[in-house]
Amino acid sequence: MLVGNGKSIVNGIAIGKIKIYREPERKINEGIIDDPAAEVARYEAAVEKAIAQQNALYEKAVVEAGKDIAEVFLVHAMMLEDDDMNDSTKEIITGQKRSAEYAVQVGYANYAQMFADMDDPYMKARAADILDIQGMVLDNLLGLDSSSLQGTEPAILVAEDFAPSQTVKLDKSLLLGMITIEGSANSHTAILARSMNIPALMQCKEVDDSWDGKDAIIDGKNGVVYIEPDADLRAALTKRQQEDKAKEALLQELKGKPSVTIDGYKVRLYANIGGPSDVGAVVANDAEGVGLFRSEFVYLNAKEEPGEEEQFNAYKRVLESLAPRLVVIRTCDIGADKTIDYMNLDKEENPALGYRAIRICLTRKPFFKTQLRALLRASAYGNLGIMFPMIISVAEVRECKEILEECRQELLKEGYKVADDIEIGIMVETPAAVFCADELAQEVDFFSLGTNDLTQYTCAIDRQNAKLEPFSDTHHPAVLKAIKMTVEAGHRHGCWVGICGELGADPTLTKEFIKYGVDELSVNAKSILGLRKAIRAINRKELLGA
Ligand code: PEP
Ligand code: MG
């Protein structure tokens with residue numbers, strides 16, 4: 001038995017024969033040609049066909065992986081229309097009297113190299129996109145059809161790497177798993193594999209041609225592939241695969257079903273996200289909305305402070321992709337454990353109790369207004385909720401709302417469209433907010449309980465300090481009481497109340513939260529269907545002894 005190790009993308013088990021996926025052999029005419037005009041026409045036809053193919057891949061990927069992930073194919077289609085790249089490719093044909101294939105091979109490779117040499121990791125990654133469209137144009141010119149490469153039997157496909165377009169083109173009914181020698185866990189291929197829930201190992205360096213046709217098992221949980229596994233291992237992993245499949249099938253049946261208790265109490269199940277790239281998981285797991293978009297990731301992923309336009313685009317993409325679902329975007333919650341160089345924040349003795357979140361925003365008004373303007377402009381493209389973090393007083397909420405109104409008036413004057421039904425809420429994550437919940441509820445439309453910080457501040461347990469684990473009780477009665485008090489106070493004043501901290505996904509507390517009357521749970525997307533199953537088995541009236 002041989003063993004390979006890699007970075008696992010999906011936890012599941014794949015059992016089947018290995019098929020080495022080899023790139024088609026592309027024979028390029030490198031000689032001098034007679035009729036450059038005819039070659040230019042061939043090139044243009046091949047590009048046109050590739051654009052149509054990319055658009056078709058987009059449609060397919062929207063269904064299989066969600067609109068946000070599918071967007072890479074629209075980017076490819078745009079790249080194929082790039083005048084500079086097309087002109088310089090045609091220049092090779094007419095100037096050097098070379099075949100269209102040769103011009104694409106050389107011209108596109110130059111472009112890919114140009115991107116690969118850039119410092120910015122995002123731009124660097126675009127080199128792979130150029131090589132992807134290069135392959136497609138070449139196949140069109142050479143009359144090659146890569147769809148036959150997968151074969152006709154279900155298999156675990158092994159390749160040096162898969163381009164996003166190859167991944168989407170694969171026939172999923174024949175795709176048991178994927179193994180690549182290269183590829184990163186953040187590549188579009190990984191994102192696609194994740195959203196299609198196909199066990200995949202990347203950066204598996206032990207791959208060998210001799211694996212072709214052999215029986216294999218990918219154990220995604222442990223990031224291992226076994227080639228010709230022995231009978232005991234096969235039996236154990238087959239059993240685990242069957243158990244996983246049974247669980248998964250049960251959960252899949254819950255897609256599209258309401259998250260409602262036996263006696264009709266509805267709980268909204270939303271997802272927590274960090275940016276546009278998480279939208280696929282929201283759709284794939286049938287989340288009913290987004291209860292927490294941690295917008296600080298937009299800041300953390302940038303080298304310098306993201307401007308209004310950049311933020312607007314990120315928020316708009318999420319809102320548009322998920323409309324008409326509600327998307328609650330939390331304003332920048334920077335500070336404490338989330339530090340950013342360009343923010344020039346001082347080192348502090350007690351950062352968790354320090355200058356963070358709304359405290360930064362309220363004292364750096366231009367910084368705050370840039371985000372609020374971007375959010376308000378994006379509100380025209382979907383169903384937006386805005387949530388302010390680390391609130392401790394009514395005065396803070398009022399000030400946030402005043403600045404928001406100031407931004408709205410500015411934008412309307414400038415001719416922008418702004419939605420007039422944006423829900424406004426706050427994170428309840430400090431004991432101060434819990435004790436003032438009655439007053440705060442009169443200022444906002446919703447509360448979202450940030451139980452991670454609420455636990456930290458209620459129990460005086462630094463959430464970053466591993467040494468305090470023995471003292472930490474995630475089910476501490478004080479935290480549960482604080483949640484109950486907040487729900488009751490919110491409801492007294494017509495405010496809906498959700499939980500967006502990690503506790504929301506804890507299945508051992510679902511009954512308790514339903515008893516309290518929690519309206520929404522916002523959790524990691526993978527937990528949604530499991531929670532829906534739990535909720536549908538609960539009888540709230542019985543729990544309340546009614
Ligand atoms: C929380 O504190 O529970 C929360 C959701 O916010 P974060 O974990 O981002 O601090
Ligand atoms: Mg928090």
# chains A, B, ... in the order shown; residues from 1 in each chain; ligands from 1
call {"tool": "residues_near_ligand", "arguments": {"ligand": "ligand 1", "cutoff": "6 Å", "atoms": "only C-alpha atoms and all ligand atoms", "output": "ChimeraX atom specification"}}
result
/A:429,450-453,500-501
call {"tool": "write_last_selection", "arguments": {"atoms": "all heavy atoms", "output": "JSON list (two decimals), in the first residue's frame"}}
result
[["chain", "number", "residue", "atom", "x", "y", "z"],
["A", 429, "GLU", "N", -22.54, 42.35, 22.90],
["A", 429, "GLU", "CA", -21.37, 41.53, 23.25],
["A", 429, "GLU", "C", -20.64, 42.08, 24.47],
["A", 429, "GLU", "O", -19.54, 41.66, 24.78],
["A", 429, "GLU", "CB", -20.42, 41.36, 22.06],
["A", 429, "GLU", "CG", -20.04, 42.64, 21.36],
["A", 429, "GLU", "CD", -19.27, 42.44, 20.06],
["A", 429, "GLU", "OE1", -18.77, 41.33, 19.81],
["A", 429, "GLU", "OE2", -19.16, 43.41, 19.30],
["A", 450, "GLY", "N", -23.17, 38.61, 20.28],
["A", 450, "GLY", "CA", -21.81, 38.17, 19.98],
["A", 450, "GLY", "C", -21.30, 37.41, 21.18],
["A", 450, "GLY", "O", -20.65, 37.95, 22.07],
["A", 451, "THR", "N", -21.62, 36.13, 21.20],
["A", 451, "THR", "CA", -21.34, 35.36, 22.43],
["A", 451, "THR", "C", -19.85, 35.13, 22.66],
["A", 451, "THR", "O", -19.45, 34.81, 23.77],
["A", 451, "THR", "CB", -22.07, 34.01, 22.38],
["A", 451, "THR", "OG1", -21.75, 33.38, 21.13],
["A", 451, "THR", "CG2", -23.56, 34.18, 22.51],
["A", 452, "ASN", "N", -19.05, 35.28, 21.61],
["A", 452, "ASN", "CA", -17.60, 35.09, 21.82],
["A", 452, "ASN", "C", -17.08, 36.18, 22.75],
["A", 452, "ASN", "O", -16.41, 35.91, 23.74],
["A", 452, "ASN", "CB", -16.84, 35.16, 20.49],
["A", 452, "ASN", "CG", -17.45, 34.28, 19.42],
["A", 452, "ASN", "OD1", -18.09, 33.29, 19.74],
["A", 452, "ASN", "ND2", -17.26, 34.63, 18.16],
["A", 453, "ASP", "N", -17.40, 37.41, 22.42],
["A", 453, "ASP", "CA", -16.95, 38.51, 23.28],
["A", 453, "ASP", "C", -17.80, 38.60, 24.54],
["A", 453, "ASP", "O", -17.29, 38.92, 25.62],
["A", 453, "ASP", "CB", -17.00, 39.84, 22.51],
["A", 453, "ASP", "CG", -15.73, 40.04, 21.70],
["A", 453, "ASP", "OD1", -14.65, 39.70, 22.21],
["A", 453, "ASP", "OD2", -15.82, 40.50, 20.55],
["A", 500, "CYS", "N", -24.92, 35.51, 16.83],
["A", 500, "CYS", "CA", -23.96, 35.30, 15.75],
["A", 500, "CYS", "C", -22.61, 34.83, 16.26],
["A", 500, "CYS", "O", -21.69, 34.60, 15.48],
["A", 500, "CYS", "CB", -23.80, 36.57, 14.90],
["A", 500, "CYS", "SG", -23.07, 37.94, 15.80],
["A", 501, "GLY", "N", -22.46, 34.67, 17.58],
["A", 501, "GLY", "CA", -21.21, 34.11, 18.12],
["A", 501, "GLY", "C", -21.22, 32.60, 17.94],
["A", 501, "GLY", "O", -22.24, 32.00, 17.55]]
call {"tool": "residues_around", "arguments": {"residues": "Lys303 in chain A", "least_positions_apart": "5", "cutoff": "10 Å", "atoms": "only C-alpha atoms", "output": "list in words"}}
result
Asp120, Ile340, Asp341 and Tyr342 of chain A
call {"tool": "write_last_selection", "arguments": {"atoms": "all heavy atoms", "output": "mmCIF file, in the first residue's frame"}}
result
data_model
loop_
_atom_site.group_PDB
_atom_site.id
_atom_site.type_symbol
_atom_site.label_atom_id
_atom_site.label_comp_id
_atom_site.auth_asym_id
_atom_site.auth_seq_id
_atom_site.Cartn_x
_atom_site.Cartn_y
_atom_site.Cartn_z
ATOM 1 N N ASP A 120 1.568 41.856 -5.933
ATOM 2 C CA ASP A 120 0.245 41.681 -5.335
ATOM 3 C C ASP A 120 -0.233 40.231 -5.532
ATOM 4 O O ASP A 120 -0.312 39.761 -6.661
ATOM 5 C CB ASP A 120 -0.712 42.664 -6.038
ATOM 6 C CG ASP A 120 -2.081 42.620 -5.426
ATOM 7 O OD1 ASP A 120 -2.750 41.563 -5.518
ATOM 8 O OD2 ASP A 120 -2.477 43.635 -4.859
ATOM 9 N N ILE A 340 -4.121 45.868 12.170
ATOM 10 C CA ILE A 340 -3.744 46.166 10.787
ATOM 11 C C ILE A 340 -2.668 47.253 10.823
ATOM 12 O O ILE A 340 -2.858 48.298 11.449
ATOM 13 C CB ILE A 340 -4.943 46.727 9.976
ATOM 14 C CG1 ILE A 340 -6.148 45.789 10.071
ATOM 15 C CG2 ILE A 340 -4.558 46.929 8.532
ATOM 16 C CD1 ILE A 340 -7.342 46.275 9.283
ATOM 17 N N ASP A 341 -1.558 47.008 10.128
ATOM 18 C CA ASP A 341 -0.440 47.968 10.163
ATOM 19 C C ASP A 341 -0.866 49.375 9.756
ATOM 20 O O ASP A 341 -0.562 50.347 10.426
ATOM 21 C CB ASP A 341 0.682 47.503 9.228
ATOM 22 C CG ASP A 341 1.452 46.361 9.867
ATOM 23 O OD1 ASP A 341 1.226 46.133 11.077
ATOM 24 O OD2 ASP A 341 2.244 45.711 9.167
ATOM 25 N N TYR A 342 -1.614 49.455 8.619
ATOM 26 C CA TYR A 342 -1.894 50.796 8.101
ATOM 27 C C TYR A 342 -2.839 51.606 9.002
ATOM 28 O O TYR A 342 -3.031 52.798 8.803
ATOM 29 C CB TYR A 342 -2.420 50.747 6.655
ATOM 30 C CG TYR A 342 -3.712 49.994 6.427
ATOM 31 C CD1 TYR A 342 -4.946 50.517 6.832
ATOM 32 C CD2 TYR A 342 -3.714 48.763 5.788
ATOM 33 C CE1 TYR A 342 -6.130 49.827 6.626
ATOM 34 C CE2 TYR A 342 -4.890 48.066 5.566
ATOM 35 C CZ TYR A 342 -6.094 48.608 5.987
ATOM 36 O OH TYR A 342 -7.267 47.919 5.774
#
call {"tool": "residues_around", "arguments": {"residues": "range 528-537 of chain A", "least_positions_apart": "4", "cutoff": "12 Å", "atoms": "only C-alpha atoms", "output": "JSON, numbers by chain"}}
result
{"A": [247, 248, 249, 250, 251, 252, 253, 254, 255, 256, 257, 258, 259, 260, 261, 262, 263, 264, 265, 266, 267, 268, 269, 270, 271, 272, 281, 282, 283, 284, 285, 286, 287, 288, 289, 290, 504, 505, 506, 507, 508, 509, 510, 511, 512, 513, 514, 515, 518, 520, 521, 522, 523, 524, 542, 543]}
call {"tool": "closest_residue", "arguments": {"among": "A:Ser165, A:Asn344, A:Ser321, A:Gln456", "to": "ligand 2", "atoms": "only C-alpha atoms and all ligand atoms"}}
result
A:Gln456
call {"tool": "residues_around", "arguments": {"residues": "range 57-60 of chain A", "least_positions_apart": "5", "cutoff": "8 Å", "atoms": "only C-alpha atoms", "output": "MDAnalysis selection string"}}
result
chainID A and resid 70:74 165 168:169
call {"tool": "select_by_dssp", "arguments": {"residues": "range 158-249 of chain A", "states": "strand (DSSP E or B)", "output": "list in words"}}
result
Val158, Ala159, Leu175, Leu176, Gly177, Met178, Ile179, Thr180, Ala200, Leu201, Met202, Asp215, Ala216, Ile217, Ile218, Asp219, Val224, Val225, Tyr226 and Ile227 of chain A
call {"tool": "atom_distance", "arguments": {"atom1": "CA of Lys316 in chain A", "atom2": "CA of Gln442 in chain A"}}
result
29.1 Å
call {"tool": "residues_around", "arguments": {"residues": "range 10-26 of chain A", "least_positions_apart": "2", "cutoff": "7 Å", "atoms": "only C-alpha atoms", "output": "ChimeraX atom specification"}}
result
/A:8,28,146,149-150,155-159,176-177,194,197-200,211-221,241
call {"tool": "select_by_dssp", "arguments": {"residues": "range 31-216 of chain A", "states": "helix (DSSP H, G or I)", "output": "ChimeraX atom specification"}}
result
/A:36-65,67-80,83-96,100-116,121-142,146-150,164-169,172-174,188-196,209-211
call {"tool": "decode", "arguments": {"residues": "range 162-285 of chain A", "atoms": "C-alpha atoms", "output": "mmCIF file, in the first residue's frame"}}
result
data_model
loop_
_atom_site.group_PDB
_atom_site.id
_atom_site.type_symbol
_atom_site.label_atom_id
_atom_site.label_comp_id
_atom_site.auth_asym_id
_atom_site.auth_seq_id
_atom_site.Cartn_x
_atom_site.Cartn_y
_atom_site.Cartn_z
ATOM 1 C CA PHE A 162 -6.758 21.768 -12.588
ATOM 2 C CA ALA A 163 -7.703 25.100 -14.076
ATOM 3 C CA PRO A 164 -11.064 26.458 -12.871
ATOM 4 C CA SER A 165 -12.586 25.908 -16.311
ATOM 5 C CA GLN A 166 -11.424 22.280 -16.321
ATOM 6 C CA THR A 167 -12.933 21.760 -12.873
ATOM 7 C CA VAL A 168 -16.321 23.094 -13.875
ATOM 8 C CA LYS A 169 -16.313 21.162 -17.155
ATOM 9 C CA LEU A 170 -15.797 17.847 -15.362
ATOM 10 C CA ASP A 171 -18.765 15.509 -15.332
ATOM 11 C CA LYS A 172 -19.605 15.432 -11.602
ATOM 12 C CA SER A 173 -21.417 12.108 -11.906
ATOM 13 C CA LEU A 174 -18.064 10.524 -12.813
ATOM 14 C CA LEU A 175 -15.952 12.527 -10.392
ATOM 15 C CA LEU A 176 -15.270 10.703 -7.123
ATOM 16 C CA GLY A 177 -12.387 12.838 -5.916
ATOM 17 C CA MET A 178 -9.536 15.053 -7.053
ATOM 18 C CA ILE A 179 -5.813 15.035 -6.315
ATOM 19 C CA THR A 180 -3.365 17.652 -7.558
ATOM 20 C CA ILE A 181 0.392 17.907 -7.241
ATOM 21 C CA GLU A 182 0.264 21.711 -7.243
ATOM 22 C CA GLY A 183 -2.641 24.010 -6.399
ATOM 23 C CA SER A 184 -3.298 26.032 -3.292
ATOM 24 C CA ALA A 185 -6.073 25.699 -0.772
ATOM 25 C CA ASN A 186 -7.246 29.195 -1.754
ATOM 26 C CA SER A 187 -7.213 28.660 -5.514
ATOM 27 C CA HIS A 188 -10.429 28.885 -7.452
ATOM 28 C CA THR A 189 -10.197 25.164 -8.083
ATOM 29 C CA ALA A 190 -10.131 24.523 -4.337
ATOM 30 C CA ILE A 191 -13.061 26.876 -3.875
ATOM 31 C CA LEU A 192 -14.994 25.037 -6.569
ATOM 32 C CA ALA A 193 -14.160 21.627 -5.086
ATOM 33 C CA ARG A 194 -15.297 22.840 -1.689
ATOM 34 C CA SER A 195 -18.549 24.231 -2.974
ATOM 35 C CA MET A 196 -19.217 21.046 -4.982
ATOM 36 C CA ASN A 197 -18.334 18.985 -1.884
ATOM 37 C CA ILE A 198 -15.867 16.744 -3.720
ATOM 38 C CA PRO A 199 -13.070 15.219 -1.594
ATOM 39 C CA ALA A 200 -9.885 16.813 -2.886
ATOM 40 C CA LEU A 201 -6.217 16.748 -1.916
ATOM 41 C CA MET A 202 -3.884 19.462 -3.128
ATOM 42 C CA GLN A 203 -0.092 19.619 -3.109
ATOM 43 C CA CYS A 204 0.221 15.862 -2.985
ATOM 44 C CA LYS A 205 3.864 15.455 -3.980
ATOM 45 C CA GLU A 206 3.926 11.635 -3.889
ATOM 46 C CA VAL A 207 1.721 11.358 -7.013
ATOM 47 C CA ASP A 208 3.215 8.918 -9.478
ATOM 48 C CA ASP A 209 2.247 7.811 -12.986
ATOM 49 C CA SER A 210 2.195 4.212 -11.732
ATOM 50 C CA TRP A 211 -0.948 5.079 -9.711
ATOM 51 C CA ASP A 212 -2.991 5.207 -12.925
ATOM 52 C CA GLY A 213 -5.811 2.642 -12.833
ATOM 53 C CA LYS A 214 -5.105 1.516 -9.238
ATOM 54 C CA ASP A 215 -7.673 1.338 -6.442
ATOM 55 C CA ALA A 216 -7.404 4.239 -4.044
ATOM 56 C CA ILE A 217 -9.113 5.930 -1.101
ATOM 57 C CA ILE A 218 -8.910 9.621 -0.241
ATOM 58 C CA ASP A 219 -9.397 10.220 3.469
ATOM 59 C CA GLY A 220 -10.156 13.942 3.423
ATOM 60 C CA LYS A 221 -10.393 14.180 7.180
ATOM 61 C CA ASN A 222 -6.730 13.253 7.564
ATOM 62 C CA GLY A 223 -5.436 14.639 4.250
ATOM 63 C CA VAL A 224 -4.237 11.239 3.030
ATOM 64 C CA VAL A 225 -4.642 9.091 -0.072
ATOM 65 C CA TYR A 226 -4.067 5.338 0.127
ATOM 66 C CA ILE A 227 -3.144 3.508 -3.067
ATOM 67 C CA GLU A 228 -4.201 -0.156 -3.071
ATOM 68 C CA PRO A 229 -5.334 -0.053 0.569
ATOM 69 C CA ASP A 230 -5.474 -3.321 2.491
ATOM 70 C CA ALA A 231 -8.801 -5.007 3.232
ATOM 71 C CA ASP A 232 -9.102 -3.794 6.852
ATOM 72 C CA LEU A 233 -8.476 -0.170 5.964
ATOM 73 C CA ARG A 234 -10.849 -0.401 3.035
ATOM 74 C CA ALA A 235 -13.589 -1.836 5.245
ATOM 75 C CA ALA A 236 -13.109 0.841 7.915
ATOM 76 C CA LEU A 237 -13.108 3.746 5.458
ATOM 77 C CA THR A 238 -16.015 2.322 3.453
ATOM 78 C CA LYS A 239 -18.035 2.188 6.659
ATOM 79 C CA ARG A 240 -17.136 5.797 7.441
ATOM 80 C CA GLN A 241 -18.051 6.846 3.916
ATOM 81 C CA GLN A 242 -21.454 5.181 4.227
ATOM 82 C CA GLU A 243 -22.101 6.860 7.560
ATOM 83 C CA ASP A 244 -21.050 10.249 6.153
ATOM 84 C CA LYS A 245 -23.234 9.748 3.097
ATOM 85 C CA ALA A 246 -26.247 8.774 5.178
ATOM 86 C CA LYS A 247 -25.833 11.885 7.318
ATOM 87 C CA GLU A 248 -25.252 14.087 4.294
ATOM 88 C CA ALA A 249 -28.258 12.681 2.423
ATOM 89 C CA LEU A 250 -30.482 13.280 5.384
ATOM 90 C CA LEU A 251 -29.270 16.843 5.599
ATOM 91 C CA GLN A 252 -29.588 17.481 1.857
ATOM 92 C CA GLU A 253 -33.249 16.553 2.115
ATOM 93 C CA LEU A 254 -33.617 19.533 4.406
ATOM 94 C CA LYS A 255 -32.624 22.028 1.730
ATOM 95 C CA GLY A 256 -35.531 24.271 0.897
ATOM 96 C CA LYS A 257 -37.419 23.139 4.004
ATOM 97 C CA PRO A 258 -38.306 25.697 6.679
ATOM 98 C CA SER A 259 -36.356 25.886 9.938
ATOM 99 C CA VAL A 260 -39.430 25.508 12.075
ATOM 100 C CA THR A 261 -40.219 23.544 15.223
ATOM 101 C CA ILE A 262 -42.912 20.852 15.332
ATOM 102 C CA ASP A 263 -45.314 23.374 16.835
ATOM 103 C CA GLY A 264 -44.597 26.053 14.240
ATOM 104 C CA TYR A 265 -41.968 28.285 15.885
ATOM 105 C CA LYS A 266 -39.752 29.676 13.127
ATOM 106 C CA VAL A 267 -36.038 30.285 13.641
ATOM 107 C CA ARG A 268 -34.110 31.954 10.814
ATOM 108 C CA LEU A 269 -30.846 30.164 10.049
ATOM 109 C CA TYR A 270 -28.279 32.578 8.654
ATOM 110 C CA ALA A 271 -24.596 32.232 7.818
ATOM 111 C CA ASN A 272 -21.526 34.083 9.058
ATOM 112 C CA ILE A 273 -19.202 35.196 6.273
ATOM 113 C CA GLY A 274 -15.946 37.095 5.861
ATOM 114 C CA GLY A 275 -16.286 38.302 2.288
ATOM 115 C CA PRO A 276 -17.587 37.720 -1.242
ATOM 116 C CA SER A 277 -15.740 34.406 -1.595
ATOM 117 C CA ASP A 278 -17.962 32.836 1.089
ATOM 118 C CA VAL A 279 -21.174 33.436 -0.836
ATOM 119 C CA GLY A 280 -21.014 30.000 -2.553
ATOM 120 C CA ALA A 281 -21.111 28.255 0.836
ATOM 121 C CA VAL A 282 -24.120 30.357 1.879
ATOM 122 C CA VAL A 283 -26.059 29.190 -1.173
ATOM 123 C CA ALA A 284 -24.779 25.599 -1.086
ATOM 124 C CA ASN A 285 -25.877 25.176 2.539
#
